Number of protein chains: 2
Amino acid sequence: MSQSRSIQKLLDEFERLPGIGPKSAQRIVYYLLNTSSIDASRLADAIVEVKEQVHFCPVCFNYATEELCPICADAERDQTMICVVSEPRDIGAIERTGEFRGLYHVLGGAISPIDGISPDDLTITDLLKRLTDTDITELILATNPNVEGETTAVYLARLIKPLGIRVTRLASGLPVGGDLEFADEVTLGRAIESRREL
Amino acid sequence: MSQSRSIQKLLDEFERLPGIGPKSAQRIVYYLLNTSSIDASRLADAIVEVKEQVHFCPVCFNYATEELCPICADAERDQTMICVVSEPRDIGAIERTGEFRGLYHVLGGAISPIDGISPDDLTITDLLKRLTDTDITELILATNPNVEGETTAVYLARLIKPLGIRVTRLASGLPVGGDLEFADEVTLGRAIESRREL
């Protein structure tokens, strides 16, 4: 082995990250070897800090470091609308469009019989409780425009429309079969703008 | 801000790494949020460990964690040949070809008047001392096949050939203007095999 053990170990750790192959890992590791110890330990500290501080918001199941996530804690957000998403990362995608000023609810996945994910595995009971306890007038279903996301949206629409709450779905315009996380701001913004009644 | 501060901080830290854009950083951070704390802190620890333990080998200026780097410490390597490279990462590229079993010398760059790098900024004095103190019979110049690398190779050849040591250069066959680090094994292996006298 031509590589020192601790360098090899760091290479291995970076290669385990998504989207990082052997060449990218090598580039990053040599960058870190050349950079100051302060810069490198800032990265290490940030990793540790995130794992120590981040938990799920008890209201919407977004990631949070305070008791509530920054969105639930923000009294200026529209308290009458909830946008339902599969994963916390989808919130970032919608926030970047600037088209939505309401609250969120993270399901923690989507209904998928193949993967053995049933409605009970999602935070649907918590969502229903929120709808009972607060004055929500509209629910936007922003699950991914793929089979699992559509199934989840239809399931939730059937469950919640009888409660007299307006239930909408992101407009088509999103590339079908794709991933909400990777949509561009304009397309996703338009999809929020022209959301349709279910 | 929709993102918790510690998540944003980690995103920023990853975006500063080479080859990592905003989307890649996000993918990695959400991966780390979903992974176990043990896995995440293994990455953090590996970063800290590398910065604490790694220094330059006093003989060849490769990265080392012990007193000598793994190659200088290996008595089974051919002690009569030195392959001269610009950067420690180039050693990895050559080792992967399996064509070279000698020692290395890392210059720490290449002669580049534009960037203000002169021969005095490289480890050339240390190389000359090694050639005097030991029984080296051949020096392979494996600097990059670009302007700076060629300049450095010509400079070293003129300096060292008078000492009666065989001085060779990696064969052309490497894509000119490219980076040695990114050459594929076969091409780089062939270049070592058919190295030419200078």
# chains A, B, ... in the order shown; residues from 1 in each chain; ligands from 1
$ closest_atom_pairs --of "chain A" --to "chain B" --cutoff "6 Å" --atoms "only C-alpha atoms" --output "JSON lines"
{"residue": "A:Ser2", "atom": "CA", "partner": "B:Pro70", "partner_atom": "CA", "distance": 5.9}
{"residue": "A:Ser6", "atom": "CA", "partner": "B:Val50", "partner_atom": "CA", "distance": 5.6}
{"residue": "A:Leu10", "atom": "CA", "partner": "B:Ala46", "partner_atom": "CA", "distance": 5.2}
{"residue": "A:Glu13", "atom": "CA", "partner": "B:Leu43", "partner_atom": "CA", "distance": 5.6}
{"residue": "A:Leu43", "atom": "CA", "partner": "B:Glu13", "partner_atom": "CA", "distance": 5.6}
{"residue": "A:Ala44", "atom": "CA", "partner": "B:Ala44", "partner_atom": "CA", "distance": 4.3}
{"residue": "A:Ala46", "atom": "CA", "partner": "B:Leu10", "partner_atom": "CA", "distance": 5.2}
{"residue": "A:Val50", "atom": "CA", "partner": "B:Ser6", "partner_atom": "CA", "distance": 5.6}
{"residue": "A:Pro70", "atom": "CA", "partner": "B:Ser2", "partner_atom": "CA", "distance": 5.9}
$ write_last_selection --atoms "N, CA, C and O atoms" --output "PDB file, in the first residue's frame"
ATOM      1  N   SER A   2       0.623   2.125  -0.974  1.00  0.00           N
ATOM      2  CA  SER A   2       1.457   3.318  -1.111  1.00  0.00           C
ATOM      3  C   SER A   2       0.920   4.468  -0.279  1.00  0.00           C
ATOM      4  O   SER A   2       1.575   5.467  -0.078  1.00  0.00           O
ATOM      5  N   SER A   6      -4.145   6.539   7.468  1.00  0.00           N
ATOM      6  CA  SER A   6      -5.167   7.523   7.804  1.00  0.00           C
ATOM      7  C   SER A   6      -5.678   8.247   6.559  1.00  0.00           C
ATOM      8  O   SER A   6      -6.831   8.656   6.505  1.00  0.00           O
ATOM      9  N   LEU A  10      -9.659   8.096   5.236  1.00  0.00           N
ATOM     10  CA  LEU A  10     -10.455   9.274   4.871  1.00  0.00           C
ATOM     11  C   LEU A  10     -11.006   9.137   3.453  1.00  0.00           C
ATOM     12  O   LEU A  10     -12.158   9.486   3.188  1.00  0.00           O
ATOM     13  N   GLU A  13     -13.984   6.923   3.656  1.00  0.00           N
ATOM     14  CA  GLU A  13     -15.140   7.606   4.246  1.00  0.00           C
ATOM     15  C   GLU A  13     -15.818   8.515   3.225  1.00  0.00           C
ATOM     16  O   GLU A  13     -17.036   8.563   3.143  1.00  0.00           O
ATOM     17  N   LEU A  43     -14.888  21.735   9.041  1.00  0.00           N
ATOM     18  CA  LEU A  43     -15.744  20.747   8.383  1.00  0.00           C
ATOM     19  C   LEU A  43     -16.094  19.613   9.343  1.00  0.00           C
ATOM     20  O   LEU A  43     -17.257  19.229   9.491  1.00  0.00           O
ATOM     21  N   ALA A  44     -15.063  19.086  10.022  1.00  0.00           N
ATOM     22  CA  ALA A  44     -15.285  17.981  10.966  1.00  0.00           C
ATOM     23  C   ALA A  44     -16.262  18.401  12.068  1.00  0.00           C
ATOM     24  O   ALA A  44     -17.190  17.659  12.407  1.00  0.00           O
ATOM     25  N   ALA A  46     -18.519  20.752  11.950  1.00  0.00           N
ATOM     26  CA  ALA A  46     -19.865  20.975  11.408  1.00  0.00           C
ATOM     27  C   ALA A  46     -20.617  19.656  11.285  1.00  0.00           C
ATOM     28  O   ALA A  46     -21.826  19.589  11.525  1.00  0.00           O
ATOM     29  N   VAL A  50     -23.979  18.939  13.487  1.00  0.00           N
ATOM     30  CA  VAL A  50     -25.256  18.614  12.845  1.00  0.00           C
ATOM     31  C   VAL A  50     -25.861  17.362  13.468  1.00  0.00           C
ATOM     32  O   VAL A  50     -27.051  17.308  13.776  1.00  0.00           O
ATOM     33  N   PRO A  70     -37.297  26.151  12.057  1.00  0.00           N
ATOM     34  CA  PRO A  70     -37.381  27.603  11.838  1.00  0.00           C
ATOM     35  C   PRO A  70     -38.719  28.028  11.241  1.00  0.00           C
ATOM     36  O   PRO A  70     -39.173  29.152  11.486  1.00  0.00           O
TER      37      PRO A  70
END
$ select_by_dssp --residues "segment 34-161 of chain B" --states "strand (DSSP E or B)" --output "list in words"
His55, Phe56, Tyr63, Ala64, Met81, Ile82, Cys83, Val84, Val85, Leu103, Tyr104, His105, Val106, Ser112, Ile117, Glu138, Leu139, Ile140 and Leu141 of chain B
$ write_last_selection --atoms "N, CA, C and O atoms" --output "compact mmCIF listing (two decimals), in the first residue's frame"
# COMPACT_ATOMS: atom_id res chain seq x y z
N HIS B 55 2.20 14.34 7.80
CA HIS B 55 3.24 15.35 7.58
C HIS B 55 4.02 14.92 6.35
O HIS B 55 3.73 13.88 5.75
N PHE B 56 5.03 15.69 5.96
CA PHE B 56 5.82 15.31 4.79
C PHE B 56 6.94 14.35 5.19
O PHE B 56 7.61 14.56 6.21
N TYR B 63 3.35 12.35 1.52
CA TYR B 63 2.67 12.41 2.80
C TYR B 63 3.04 11.18 3.62
O TYR B 63 3.19 10.08 3.10
N ALA B 64 3.21 11.37 4.92
CA ALA B 64 3.60 10.28 5.81
C ALA B 64 2.89 10.42 7.14
O ALA B 64 2.57 11.53 7.56
N MET B 81 16.30 3.42 -8.13
CA MET B 81 15.52 4.26 -9.05
C MET B 81 14.67 5.25 -8.27
O MET B 81 14.06 4.90 -7.27
N ILE B 82 14.63 6.47 -8.77
CA ILE B 82 13.74 7.48 -8.19
C ILE B 82 12.83 8.02 -9.29
O ILE B 82 13.31 8.38 -10.37
N CYS B 83 11.56 8.06 -9.00
CA CYS B 83 10.60 8.68 -9.90
C CYS B 83 10.25 10.04 -9.32
O CYS B 83 9.77 10.14 -8.19
N VAL B 84 10.51 11.11 -10.10
CA VAL B 84 10.30 12.47 -9.61
C VAL B 84 8.92 12.95 -10.05
O VAL B 84 8.60 12.94 -11.25
N VAL B 85 8.11 13.35 -9.08
CA VAL B 85 6.75 13.84 -9.39
C VAL B 85 6.55 15.23 -8.79
O VAL B 85 7.32 15.66 -7.91
N LEU B 103 11.71 4.17 -5.83
CA LEU B 103 11.38 5.21 -4.86
C LEU B 103 10.84 6.45 -5.58
O LEU B 103 10.85 6.51 -6.81
N TYR B 104 10.39 7.40 -4.79
CA TYR B 104 9.83 8.63 -5.35
C TYR B 104 10.55 9.85 -4.79
O TYR B 104 11.22 9.79 -3.77
N HIS B 105 10.35 10.97 -5.49
CA HIS B 105 10.74 12.26 -4.92
C HIS B 105 9.68 13.28 -5.34
O HIS B 105 9.41 13.45 -6.53
N VAL B 106 9.08 13.93 -4.36
CA VAL B 106 8.02 14.90 -4.63
C VAL B 106 8.62 16.31 -4.64
O VAL B 106 9.20 16.76 -3.64
N SER B 112 7.40 27.50 -12.68
CA SER B 112 6.40 28.29 -13.38
C SER B 112 6.65 29.77 -13.14
O SER B 112 6.23 30.32 -12.12
N ILE B 117 7.00 30.49 -9.36
CA ILE B 117 7.63 29.31 -8.75
C ILE B 117 8.95 29.03 -9.46
O ILE B 117 8.98 28.67 -10.64
N GLU B 138 19.04 5.51 -11.85
CA GLU B 138 18.11 6.09 -12.82
C GLU B 138 17.09 6.99 -12.15
O GLU B 138 16.56 6.69 -11.08
N LEU B 139 16.83 8.09 -12.84
CA LEU B 139 15.85 9.06 -12.37
C LEU B 139 14.78 9.16 -13.46
O LEU B 139 15.08 9.51 -14.60
N ILE B 140 13.53 8.85 -13.11
CA ILE B 140 12.43 9.00 -14.07
C ILE B 140 11.73 10.31 -13.78
O ILE B 140 11.24 10.52 -12.67
N LEU B 141 11.67 11.20 -14.77
CA LEU B 141 11.00 12.48 -14.57
C LEU B 141 9.54 12.34 -14.94
O LEU B 141 9.18 12.22 -16.11
$ select_by_dssp --residues "segment 93-198 of chain B" --states "alpha helix (DSSP H)" --output "PyMOL selection string"
chain B and resi 93-97+124-133+147-160+185-193
$ atom_distance --atom1 "atom CA of Pro58 of chain A" --atom2 "atom CA of Ala142 of chain A"
20.0 Å
$ atom_distance --atom1 "atom CA of Pro119 of chain B" --atom2 "atom CA of Leu156 of chain B"
9.3 Å
$ atom_distance --atom1 "atom CA of Glu67 of chain A" --atom2 "atom CA of Gln79 of chain A"
18.2 Å
$ closest_residue --among "B:Asp133, B:Asp179, B:Asp120, B:Asp184" --to "Thr152 of chain B" --atoms "only C-alpha atoms"
B:Asp120
$ closest_residue --among "A:Leu198, A:Asp115, A:Glu99, A:Thr134" --to "Ala157 of chain A" --atoms "only C-alpha atoms"
A:Leu198
